[in-house]
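K.L.:
Pasting a structure here, questions to come.
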Amino acid sequence: QVRIVESGGELVQPGGSVRLSCTISGRGFDFSKYGMGWYRRAPGKERELIVRMSSRGKVEYADWAEARYIISKDDAKNTLTLQWISVRPDDAAVYYCNMHPPCPDCWGQGTQVTVSP
C-alpha cells in the first residue's frame, strides 16, 4: 500500500514564498516510474491539479496555473517538492501530492498553506 505524507505548509504573508514536500513510500513502489502531481483544494472548491511531472521529468501546468510554481523530484529519496514565490491570498489551500493520474486510494492528509498579513 502506498503512503503519501505532505509537509511544509505554514502561515505565510502575501508576497512571501512557500516550499512544500511530500514523501511517498510503499512496498514495491518505484517512485521513478510514475508521473507525479501537486494538487490543491481551496476553501469551498474541489481539489484541482496545479502541475505535474512525468517520470522522465517533463513538466505540465494546469490551464489556470502559472509557471511561477516549481516542481521537482528526487527519485532516490521518493520525494516531490513544490515551491513558489509571490504568494497571493488565493494560494490559501490544502496542498496534496499524488501520482498523475492520481491514485484514488492514496491521498494523504495534505498540508495547509494559510496566507495572512
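Residue numbers start at 1 in each chain; chains themselves are named A, B, ... in the order of the C-alpha cells; ligands are numbered from 1 in the order shown.
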Please run DSSP on the backbone and report, as a PyMOL selection string, all residues within segment 73-111 of chain A that come out as strand (DSSP E or B).

P.N.:
chain A and resi 73-74+79-84+93-99+111

K.L.:
Can you work out which one of A:Gly26, A:Gly110, A:Pro43, A:Gly57 has the shortest atom-to-atom distance to Asp91 of chain A, counting only C-alpha atoms?

P.N.:
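Closest to Asp91 of chain A of all the choices is A:Pro43.
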
K.L.:
Have a look at atom CA of Pro101 of chain A and atom CA of Asp75 of chain A and let me know their distance in Å, one decimal.

P.N.:
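Atom CA of Asp75 of chain A lies at a distance of 18.0 Å from atom CA of Pro101 of chain A.
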
K.L.:
For Ala92 of chain A, work out the shell of residues within 6 Å, counting only C-alpha atoms and skipping chain neighbours fewer than 2 positions away, then give it as a PyMOL selection string.

P.N.:
chain A and resi 89-90+113-115

K.L.:
Only all heavy atoms, please: the residues just picked out, written as a compact mmCIF listing (two decimals), in the first residue's frame.

P.N.:
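See part-v6.txt below for the written result:
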```
# COMPACT_ATOMS: atom_id res chain seq x y z
N PRO A 89 -3.15 35.82 -1.68
CA PRO A 89 -4.21 35.32 -0.80
C PRO A 89 -4.95 34.11 -1.37
O PRO A 89 -5.35 33.22 -0.60
CB PRO A 89 -5.14 36.54 -0.67
CG PRO A 89 -4.22 37.71 -0.81
CD PRO A 89 -3.21 37.29 -1.85
N ASP A 90 -5.11 34.06 -2.69
CA ASP A 90 -5.84 32.93 -3.25
C ASP A 90 -5.00 31.66 -3.35
O ASP A 90 -5.47 30.64 -3.87
CB ASP A 90 -6.46 33.28 -4.62
CG ASP A 90 -5.43 33.64 -5.67
OD1 ASP A 90 -4.21 33.64 -5.36
OD2 ASP A 90 -5.83 33.94 -6.82
N VAL A 113 -1.61 25.57 3.59
CA VAL A 113 -0.96 26.86 3.41
C VAL A 113 -2.00 27.94 3.72
O VAL A 113 -3.07 27.98 3.12
CB VAL A 113 -0.44 27.03 1.97
CG1 VAL A 113 0.06 28.46 1.75
CG2 VAL A 113 0.68 26.03 1.70
N THR A 114 -1.66 28.78 4.66
CA THR A 114 -2.53 29.88 5.07
C THR A 114 -1.83 31.19 4.71
O THR A 114 -0.64 31.36 4.98
CB THR A 114 -2.79 29.83 6.58
OG1 THR A 114 -3.39 28.56 6.90
CG2 THR A 114 -3.74 30.94 7.01
N VAL A 115 -2.56 32.08 4.11
CA VAL A 115 -1.98 33.35 3.68
C VAL A 115 -2.65 34.47 4.48
O VAL A 115 -3.87 34.63 4.44
CB VAL A 115 -2.18 33.57 2.18
CG1 VAL A 115 -1.50 34.87 1.75
CG2 VAL A 115 -1.62 32.39 1.39
```

K.L.:
Need the shell around Ala62 of chain A: protein/DNA/RNA residues with any atom at most 10 Å away, counting only C-alpha atoms. Skip same-chain ones fewer than 3 positions apart. Format as a list in words?

P.N.:
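Final neighbour list, sorted by chain and number: Tyr39, Glu48, Leu49, Ile50, Val51, Arg52, Ala65, Glu66 and Ala67 of chain A.
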
K.L.:
Got time to write the residues from that selection, C-alpha atoms, as a CSV table (one decimal), in the first residue's frame?

P.N.:
```
chain,number,residue,atom,x,y,z
A,39,TYR,CA,-2.9,19.3,-6.3
A,48,GLU,CA,-7.5,20.5,-8.6
A,49,LEU,CA,-4.3,19.8,-10.3
A,50,ILE,CA,-1.7,22.5,-10.2
A,51,VAL,CA,1.3,21.0,-12.0
A,52,ARG,CA,2.5,17.5,-12.9
A,65,ALA,CA,-1.8,27.7,-13.2
A,66,GLU,CA,1.2,29.9,-13.9
A,67,ALA,CA,4.7,28.9,-14.3
```
